[in-house]
Each structure stands twice: as structure tokens, then as C-alpha cells.
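S.K.: Quick one: this structure, given as C-alpha cells, is what I'll be asking you about.
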Amino acid sequence: MNAPETIPRTIPAPPDRAWPAEGNSRIPYWAYTDPAIYAREQQLIFGGRSWNYVCLAAEIPNAGDYKRTFIGEKPVVVTREADGGIHCFENRCAHRGVQFCQKHLGNAKEFMCPYHQWTYNMKGDLIGVPFMRGVKKQGGMPADFKREEHGLRKLKVAERNGAVFASFADDMEPFADYLGASILPLYDRVFDGRELEVLGYQRQLIPANWKLMFENIKDPYHATLLHVFLVSFGLFRADQPSSVRMDATGRHGALISWKAAVASEGDVQDMKSFQQLKLIDPLLLQPEREFPEFTVVMTTLWPNIIIQQQSNTLAMRQLITRGPESFELAWTYFGYKGEPAELRMKRLRQANLMGPSGYVSMDDSEVMKFSQDGIRPYTQHEGVMEMGGRDWKDEPHMVTEGVIRGFYDYYRGVMGL
Amino acid sequence: MNYETLSPRELRLEVEALYGDYAETLNDEAFEAWPAFFTERAFYQITSRENHERNLPIGLMRCESRGMLQDRVVAIRQTAYYGPRSIRRLISGVRTHGWGEGEMRGVLKATASYLAVETLPDELTRVFNAGKYIDELVVEDGALRFASRICVYDTLLIPNTLIYPL
């Protein structure tokens with residue numbers, strides 16, 4: 001039906017799922033495993049009042065182009081209409097629920113469900129129902145059946161400088177307001193209006209709860225400890241200038257760092273894995289200063305996207321949930337149209353640090369699996385998040401888990417926990 | 001041996017022998033011996049079928065020299081954090097496509113299918129990655145070496161991580 005579904009701001013929490021009394025400095029392990037919590041997240045977070053990343057505009061540049069993707073676990077299609085407008089609707093036939101679009105990317109004039117050939121235009125309106133008035137005056141839909149009442153479920157769409165977001169809520173605030181004054185400049189830093197060009201995709205299925213991915217990218221504490229590659233090759237150190245930043249609600253966050261001339265050995269002594277290595281082929285790590293001020297900005301936007309600017313690698317990391325204990329991480333690497341060939345090569349080389357085989361990211365994917373494996377049998381236990389205090393606020397350093405606490409502060413509000 | 005004068009059948013047997021050595025080297029985790037299968041300026045990439053078919057340049061691994069392959073090995077041995085695993089590569093359907101001409105003189109094109117299965121400590125062996133090798137081979141110091149090996153995988157969704165080369 002076209003009528004908007006009512007999206008509740010919250011629903012009563014399950015009585016046996018009370019958040020620990022310590023508040024945001026504790027994460028109960030059931031939050032990563034409970035199917036009821038997961039179902040609630042689908043309804044209230046991904047299906048709720050949020051702008052979900054769906055694609056880059058550069059993936060669907062021409063009229064009729066479409067991309068098939070997911071919001072939470074709900075399949076959706078994003079389309080480019082003849083007038084240039086972008087639309088997003090559920091990939092679920094209004095008749096019997098068939099997921100009619102099966103290709104990741106393509107071009108079409110219309111979508112036809114293969115089962116009974118119900119046909120939709122690129123805006124998601126139902127334009128054809130075979131035998132609607134019957135055959136030889138027999139059968140057919142009831143006389144009061146109206147095609148316009150049986151279109152696909154449409155989502156609200158927002159585009160800002162080349163990235164596209166969609167929402168199941170009809171009354172979303174404008175996207176810029178949603179990001180807030182502190183995060184918006186970080187977003188606009190990468191999406192500055194230049195035309196984007198997709199450089200490739202990576203997809204991985206990570207056997208862990210989706211929130212562990214956000215925790216990982218909101219956690220600067222682990223960066224110099226887990227990621228031996230970063231430290232060994234001199235890319236990152238705990239004494240490097242850095243900061244963490246959040247929006248006013250805590251739902252979005254950013255880890256920011258920049259290169260400085262420094263280096264005393266004192267502060268790195270806690271890093272047991274510290275050693276100096278040299279690349280045999282140094283071409284891999286010859287970043288060029290591309291953006292002002294900061295060299296690394298990892299931005300996490302509620303509820304499904306990480307915007308990566310790590311030196312010269314730019315990527316969207318989209319979270320697609322696949323049950324409480326599994327999510328797909330879909331990477332879309334990009335650059336700017338017409339950029340110098342030398343800069344393009346740096347992006348391709350530095351991509352070796354990221355993704356399922358990335359010198360840095362592979363550590364994270366492995367650790368998320370081991371987190372889930374450790375958590376699974378202990379639903380009555382909880383994680384401790386006290387590095388940098390028990391509250392959450394912007395900090396001029398990386399020795400904090402405050403961004404994770406900010407995330408859960410907002411999460412608990414949405415989830416009624 | 002003059003590889004260029006071998007009959008197609010003899011040449012295919014030589015390439016099959018090379019692929020067998022290559023697979024066993026990686027299956028046995030003798031990673032230090034892996035870069036020697038490649039020329040000094042070799043290109044090695046693992047990429048998905050969706051990227052390959054659209055000419056999108058980013059894959060999972062990209063090495064532009066034997067040195068970069070050696071750096072991969074250093075990461076696997078010294079810097080990367082990952083759980084224990086076995087990866088077994090099975091190669092079949094080896095085909096050679098003849099020696100190149102002009103600029104490609106001395107370059108033998110060859111392709112094969114591969115299947116990699118993964119075994120994790122608490123799990124059953126599973127299909128990990130399936131795909132196609134697209135290779136360019138040259139003769140160096142009397143032996144066939146890879147000037148280029150592109151592993152194009154069908155398995156779009158990587159089961160967590162791909163640490164070891166294919």
C-alpha cells in the first residue's frame with residue numbers, strides 16, 4: 001500500500017532486557033545476540049527515523065540506471081529517473097512480495113515482477129497488472145481495485161554532493177540538519193561537489209553483530225595496539241595529534257588525526273608489538289597531502305555508513321545486517337572524475353590497507369569475529385567502556401572510548417533501553 | 001628448454017606443472033617461496049568478477065612488483081592479526097592461449113579455474129573462494145614465471161577475510 005506506515009518513536013522494551021545500571025559505560029552482551037533486540041533495531045533504527053546511505057549518485061548517472069541494495073535487511077532499489085531525479089523504493093512486489101530486482105547494478109525502463117508480471121515505473125508506481133479486468137469477462141481484480149493504491153513502498157531520498165540517503169520516515173529533518181554542525185564540515189570535506197568516480201567494490205560477510213563494526217571505527221584506543229602494520233611502518237602512533245568529534249546527539253562520530261613531526265619513544269612503550277619495518281617496495285606508502293588540516297578522518301554516520309578518508313583512500317563502508325550475528329560490509333571505493341593519474345594510482349595502491357585483505361582492516365574483521373565468539377555464550381555479562389571516562393564528549397586525543405558511549409547513549413534512546 | 005618450440009600439449013603440461021608447484025607452495029604456507037614465481041615487475045591482483053567486468057581497478061590485493069609480493073609476505077608473517085586457518089587451492093581446466101606477437105612477443109597467455117576451500121579450527125571445511133586465473137607467463141632463467149596473474153573471483157561475498165594469496 002502507498003499509505004505511509006506509522007513509525008513509532010519507541011515501543012516498550014522487553015522486561016528482561018534492562019540496560020546495566022552503570023549506563024553507557026557498559027554494553028550488555030545480549031545487545032549483540034538477542035533476536036528480539038535485532039528485530040527491534042530493524043523496526044526502530046533502520047526502518048525508523050534515520051537517513052540510510054544507499055549509493056553514490058555516480059553509480060546511477062544515466063536515466064534508467066538503478067542500484068539494488070539494502071537498508072538493514074530490507075531490500076531496496078535506487079533509481080535515476082528520466083528527469084534526473086533519484087528515487088528509492090522497496091524491492092518487494094506489492095502483489096506477493098517477490099524481490100523483483102536481482103542485479104546489483106543495471107539499467108531499465110521499468111521493473112516487471114517475473115511472477116505475475118506486475119509492472120512498475122522507475123518511481124515505483126504500479127503501471128501494469130495483467131488480466132486486471134479478467135479474460136473474456138471472467139475473473140480479474142475487483143472493480144474497485146486501483147493500481148495507484150498498490151505501488152511499491154517508497155522512501156524519502158536525500159542527496160548531498162554525490163552521496164544518496166533514504167529513509168522510511170516521511171518526516172525526516174533535512175540531511176544537513178541530521179548531520180549537525182560539527183559533522184557536516186567533515187562530510188563536505190570529501191563530498192565537496194566534485195564529480196565522483198567509482199573505483200571498485202569489495203563485499204565481505206563478517207560473522208559479528210553490526211554494532212561491533214561501529215564500535216571498531218569509533219574506537220581510537222585500539223588503533224595503535226591491534227594494527228601492528230600502522231605502527232611498524234610509521235603510519236600512526238599514539239602520540240600523533242588526533243581528536244574525536246561527535247554531533248549533539250552522539251549518533252554520529254569522527255576519528256581525526258594528522259601527521260606531525262614528533263616522535264619520542266616514551267609514549268609508545270606500552271605497545272608491546274612495536275617494531276620498525278621498512279617496505280621492500282616503498283611505492284605502496286607514498287601518500288600525498290590531499291585535504292586540508294587532517295590526514296585521516298573516519299566518520300561514522302547513524303545508522304549504516306562509515307565514510308573513510310585514510311590518506312588517499314576514499315571509500316563508503318555500508319553495513320547491511322544479516323541477522324543478529326552477521327552483517328555484510330559493502331565497500332565502494334571512489335575518487336574524483338578527472339583527477340591526476342598519479343593521485344589515482346596512490347588510491348589504488350593504498351587500497352591494499354583496506355577491505356577483507358587490507359593490511360589494517362583484516363585485523364578488525366578477525367577481531368570482530370572473536371568478539372562475537374567470546375560474547376555469544378554469556379548473555380548475562382557485559383562489556384566495560386571506561387577509557388577516557390564514563391561520559392561522552394569531544395576530546396583532543398585518542399585515548400578514549402567516548403565516541404562509543406555517545407553512540408550507545410543515542411541507541412538506548414531510540415531503542416527504549 | 002625452449003618453451004616456444006614445444007607442442008601445445010607439451011606446453012600445457014609445463015604450465016600445469018607450474019600451477020601445481022604454485023598451489024602446493026601456497027597450500028603448504030611456504031609464503032616466502034611465493035614471490036619467486038613472479039618476475040621483478042610482475043602484476044598480481046585479486047579482484048571480483050563485478051569489478052573485472054566493469055573495468056573497475058580496485059580489488060582485494062594489488063601488487064605491482066615482486067617487492068610488493070614480498071611485503072605481503074612480511075605482513076602475513078609479522079604484522080597482520082588473524083586466526084589460524086588452512087586454505088587449499090585446487091586448480092583445474094588449465095588452458096594456454098598461445099604466444100603473443102609484437103609487443104607481447106615472448107608472453108604466453110594462459111587461464112585456469114581455481115577453487116579455494118577454507119578450514120577454521122572450530123568449523124567444517126567450506127568453499128571459500130572460486131574463480132579464474134588470467135595469466136601472462138614469460139620465460140626467465142629457463143623457467144616459466146608470472147609476468148601477470150589476475151585472480152577474478154565469483155565469490156562476491158568474502159567470508160570475513162582473505163589473508164593468504166590465491
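Following the order of the C-alpha cells, chains are lettered A, B, ..., residues in each are numbered from 1, and ligands are numbered from 1.
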Considering only C-alpha atoms, extract the chain A residues located within 7 Å of chain B and return them as a PyMOL selection string.

M.R.: chain A and resi 199-201+203-207+228-229+279-281+348-349+352+355-357+359+362-363+365-366

S.K.: Write to file, as a tab-separated table (two decimals), in the first residue's frame, the residues of the selection just made, with N, CA, C and O atoms.

M.R.:
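The result, stored in part-v9.tsv:
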```tsv
chain	number	residue	atom	x	y	z
A	199	LEU	N	35.69	3.40	-8.10
A	199	LEU	CA	36.92	2.70	-8.46
A	199	LEU	C	36.85	1.20	-8.20
A	199	LEU	O	37.74	0.46	-8.60
A	200	GLY	N	35.80	0.75	-7.49
A	200	GLY	CA	35.69	-0.69	-7.27
A	200	GLY	C	34.89	-1.02	-6.03
A	200	GLY	O	34.67	-0.16	-5.17
A	201	TYR	N	34.48	-2.29	-5.98
A	201	TYR	CA	33.66	-2.78	-4.86
A	201	TYR	C	34.38	-3.92	-4.16
A	201	TYR	O	35.12	-4.69	-4.77
A	203	ARG	N	33.07	-6.79	-1.03
A	203	ARG	CA	31.97	-7.20	-0.14
A	203	ARG	C	32.49	-8.30	0.77
A	203	ARG	O	33.13	-9.23	0.31
A	204	GLN	N	32.20	-8.19	2.05
A	204	GLN	CA	32.61	-9.25	2.95
A	204	GLN	C	31.47	-9.53	3.93
A	204	GLN	O	30.70	-8.64	4.26
A	205	LEU	N	31.38	-10.78	4.33
A	205	LEU	CA	30.36	-11.19	5.29
A	205	LEU	C	31.08	-11.40	6.62
A	205	LEU	O	31.87	-12.34	6.77
A	206	ILE	N	30.81	-10.52	7.56
A	206	ILE	CA	31.53	-10.57	8.83
A	206	ILE	C	30.64	-11.24	9.88
A	206	ILE	O	29.50	-10.80	10.10
A	207	PRO	N	31.14	-12.32	10.49
A	207	PRO	CA	30.30	-13.09	11.43
A	207	PRO	C	30.24	-12.41	12.79
A	207	PRO	O	30.73	-12.95	13.79
A	228	VAL	N	49.38	-3.54	14.03
A	228	VAL	CA	50.84	-3.55	14.03
A	228	VAL	C	51.39	-2.95	12.73
A	228	VAL	O	52.42	-2.30	12.72
A	229	PHE	N	50.65	-3.18	11.64
A	229	PHE	CA	51.11	-2.64	10.35
A	229	PHE	C	51.25	-1.12	10.41
A	229	PHE	O	52.27	-0.56	9.99
A	279	LEU	N	59.25	-1.15	4.03
A	279	LEU	CA	58.70	-1.84	2.86
A	279	LEU	C	59.81	-2.12	1.86
A	279	LEU	O	60.72	-1.30	1.68
A	280	ILE	N	59.73	-3.29	1.23
A	280	ILE	CA	60.69	-3.61	0.18
A	280	ILE	C	60.38	-2.75	-1.05
A	280	ILE	O	61.28	-2.22	-1.69
A	281	ASP	N	59.10	-2.61	-1.36
A	281	ASP	CA	58.69	-1.67	-2.42
A	281	ASP	C	57.94	-0.51	-1.78
A	281	ASP	O	56.78	-0.63	-1.43
A	348	LEU	N	44.75	3.48	-5.59
A	348	LEU	CA	44.71	2.04	-5.85
A	348	LEU	C	45.71	1.30	-4.97
A	348	LEU	O	45.42	0.23	-4.44
A	349	ARG	N	46.90	1.89	-4.81
A	349	ARG	CA	47.93	1.22	-4.01
A	349	ARG	C	47.55	1.21	-2.54
A	349	ARG	O	47.67	0.19	-1.86
A	352	ASN	N	45.32	-1.32	-0.63
A	352	ASN	CA	45.86	-2.55	-0.03
A	352	ASN	C	45.74	-2.56	1.49
A	352	ASN	O	45.86	-3.60	2.12
A	355	GLY	N	39.75	-3.20	3.43
A	355	GLY	CA	38.93	-4.28	2.90
A	355	GLY	C	39.27	-5.63	3.51
A	355	GLY	O	40.05	-5.73	4.45
A	356	PRO	N	38.66	-6.71	2.96
A	356	PRO	CA	38.83	-8.05	3.53
A	356	PRO	C	40.27	-8.54	3.55
A	356	PRO	O	40.61	-9.43	4.31
A	357	SER	N	41.14	-7.96	2.68
A	357	SER	CA	42.56	-8.34	2.64
A	357	SER	C	43.44	-7.18	3.04
A	357	SER	O	44.64	-7.20	2.79
A	359	TYR	N	45.79	-4.58	4.89
A	359	TYR	CA	46.84	-4.69	5.91
A	359	TYR	C	46.37	-4.19	7.27
A	359	TYR	O	46.90	-4.60	8.30
A	362	MET	N	41.97	-6.08	7.86
A	362	MET	CA	41.82	-7.52	8.13
A	362	MET	C	41.91	-7.81	9.63
A	362	MET	O	41.20	-8.67	10.14
A	363	ASP	N	42.73	-7.03	10.34
A	363	ASP	CA	42.82	-7.21	11.79
A	363	ASP	C	41.45	-6.98	12.44
A	363	ASP	O	41.04	-7.73	13.33
A	365	SER	N	38.40	-7.17	11.09
A	365	SER	CA	37.41	-8.19	10.75
A	365	SER	C	37.62	-9.45	11.59
A	365	SER	O	36.66	-10.06	12.06
A	366	GLU	N	38.88	-9.81	11.77
A	366	GLU	CA	39.18	-11.00	12.57
A	366	GLU	C	38.77	-10.78	14.03
A	366	GLU	O	38.15	-11.64	14.65
```

S.K.: Run DSSP on the backbone of this structure and report the residues of range 65-166 of chain B it assigns to strand (DSSP E), as JSON, numbers by chain.

M.R.: {"B": [86, 87, 88, 89, 90, 91, 92, 93, 94, 95, 96, 97, 98, 99, 108, 109, 110, 111, 112, 113, 114, 115, 116, 117, 118, 119, 126, 127, 128, 129, 130, 131, 132, 133, 134, 135, 136, 137, 138, 139, 140, 143, 144, 145, 146, 147, 148, 149, 150, 151, 152, 153, 157, 158, 159]}

S.K.: Would you list the contacts of Cys88 in chain A as a list in words, taking every protein, DNA or RNA residue within 7 Å and counting only C-alpha atoms, but skipping same-chain residues closer than 4 positions in sequence?

M.R.: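 The residues satisfying every condition are Val76, Val77, Val78, Thr79, Lys154, Leu155, Val157 and Ala166 of chain A.
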
S.K.: Using DSSP on the backbone, list every residue of range 1-133 of chain B that comes out as alpha helix (DSSP H), and give them as a PyMOL selection string.

M.R.: chain B and resi 8-27+49-53+66-74

S.K.: Tell me, as a PyMOL selection string, which residues lie within 10 Å of Gly20 in chain B, counting only C-alpha atoms; anything in the same chain fewer than 5 positions away does not count.

M.R.: chain B and resi 14-15+25+89-92

S.K.: Residues of the last selection are to be written out with all heavy atoms, as a PDB file, in the first residue's frame.

M.R.:
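Written out: part.pdb:
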```
ATOM      1  N   GLU B  14      53.629 -28.258 -19.169  1.00  0.00           N
ATOM      2  CA  GLU B  14      54.581 -27.411 -18.439  1.00  0.00           C
ATOM      3  C   GLU B  14      53.840 -26.395 -17.567  1.00  0.00           C
ATOM      4  O   GLU B  14      54.210 -26.152 -16.419  1.00  0.00           O
ATOM      5  CB  GLU B  14      55.504 -26.672 -19.427  1.00  0.00           C
ATOM      6  CG  GLU B  14      56.496 -27.564 -20.145  1.00  0.00           C
ATOM      7  CD  GLU B  14      57.460 -28.264 -19.188  1.00  0.00           C
ATOM      8  OE1 GLU B  14      57.857 -27.624 -18.194  1.00  0.00           O
ATOM      9  OE2 GLU B  14      57.789 -29.445 -19.422  1.00  0.00           O
ATOM     10  N   VAL B  15      52.791 -25.804 -18.140  1.00  0.00           N
ATOM     11  CA  VAL B  15      52.016 -24.797 -17.388  1.00  0.00           C
ATOM     12  C   VAL B  15      51.288 -25.463 -16.226  1.00  0.00           C
ATOM     13  O   VAL B  15      51.251 -24.927 -15.110  1.00  0.00           O
ATOM     14  CB  VAL B  15      51.034 -24.057 -18.331  1.00  0.00           C
ATOM     15  CG1 VAL B  15      50.105 -23.138 -17.539  1.00  0.00           C
ATOM     16  CG2 VAL B  15      51.812 -23.251 -19.373  1.00  0.00           C
ATOM     17  N   THR B  25      52.872 -24.650  -3.033  1.00  0.00           N
ATOM     18  CA  THR B  25      53.646 -23.672  -2.243  1.00  0.00           C
ATOM     19  C   THR B  25      52.720 -22.895  -1.308  1.00  0.00           C
ATOM     20  O   THR B  25      52.997 -22.745  -0.112  1.00  0.00           O
ATOM     21  CB  THR B  25      54.385 -22.705  -3.197  1.00  0.00           C
ATOM     22  OG1 THR B  25      55.280 -23.476  -3.996  1.00  0.00           O
ATOM     23  CG2 THR B  25      55.162 -21.658  -2.425  1.00  0.00           C
ATOM     24  N   ARG B  89      44.043 -24.679  -2.336  1.00  0.00           N
ATOM     25  CA  ARG B  89      43.682 -24.252  -3.686  1.00  0.00           C
ATOM     26  C   ARG B  89      43.710 -25.447  -4.629  1.00  0.00           C
ATOM     27  O   ARG B  89      44.709 -26.178  -4.652  1.00  0.00           O
ATOM     28  CB  ARG B  89      44.660 -23.177  -4.180  1.00  0.00           C
ATOM     29  CG  ARG B  89      44.627 -21.936  -3.314  1.00  0.00           C
ATOM     30  CD  ARG B  89      45.982 -21.261  -3.256  1.00  0.00           C
ATOM     31  NE  ARG B  89      46.080 -20.326  -2.137  1.00  0.00           N
ATOM     32  CZ  ARG B  89      46.365 -20.696  -0.885  1.00  0.00           C
ATOM     33  NH1 ARG B  89      46.591 -21.951  -0.579  1.00  0.00           N
ATOM     34  NH2 ARG B  89      46.415 -19.799   0.068  1.00  0.00           N
ATOM     35  N   LEU B  90      42.627 -25.621  -5.364  1.00  0.00           N
ATOM     36  CA  LEU B  90      42.530 -26.696  -6.356  1.00  0.00           C
ATOM     37  C   LEU B  90      42.413 -26.023  -7.714  1.00  0.00           C
ATOM     38  O   LEU B  90      41.573 -25.150  -7.894  1.00  0.00           O
ATOM     39  CB  LEU B  90      41.306 -27.563  -6.076  1.00  0.00           C
ATOM     40  CG  LEU B  90      41.174 -28.046  -4.624  1.00  0.00           C
ATOM     41  CD1 LEU B  90      39.797 -28.644  -4.368  1.00  0.00           C
ATOM     42  CD2 LEU B  90      42.255 -29.072  -4.317  1.00  0.00           C
ATOM     43  N   ILE B  91      43.284 -26.411  -8.615  1.00  0.00           N
ATOM     44  CA  ILE B  91      43.320 -25.748  -9.927  1.00  0.00           C
ATOM     45  C   ILE B  91      42.958 -26.755 -11.001  1.00  0.00           C
ATOM     46  O   ILE B  91      43.449 -27.885 -10.992  1.00  0.00           O
ATOM     47  CB  ILE B  91      44.734 -25.168 -10.198  1.00  0.00           C
ATOM     48  CG1 ILE B  91      45.080 -24.146  -9.101  1.00  0.00           C
ATOM     49  CG2 ILE B  91      44.799 -24.527 -11.579  1.00  0.00           C
ATOM     50  CD1 ILE B  91      46.512 -23.639  -9.155  1.00  0.00           C
ATOM     51  N   SER B  92      42.074 -26.370 -11.903  1.00  0.00           N
ATOM     52  CA  SER B  92      41.727 -27.286 -12.991  1.00  0.00           C
ATOM     53  C   SER B  92      41.404 -26.503 -14.255  1.00  0.00           C
ATOM     54  O   SER B  92      41.265 -25.286 -14.228  1.00  0.00           O
ATOM     55  CB  SER B  92      40.546 -28.170 -12.591  1.00  0.00           C
ATOM     56  OG  SER B  92      39.353 -27.426 -12.631  1.00  0.00           O
TER      57      SER B  92
END
```

S.K.: How far is it from CA of Ala223 in chain A to CA of Glu386 in chain A, in Å with one decimal?

M.R.: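 Here the two named atoms are 16.7 Å from each other.
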
S.K.: What is the CA of Arg145 in chain B-CA of Phe38 in chain B distance in Å, reported with one decimal?

M.R.: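 CA of Phe38 in chain B lies at a distance of 5.2 Å from CA of Arg145 in chain B.
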
S.K.: Show me, as an MDAnalysis selection string, the residues that have an atom within 8 Å of range 109-125 of chain B when counting only C-alpha atoms, minus same-chain residues fewer than 3 positions from it.

M.R.: chainID B and resid 84:100 128:137 166
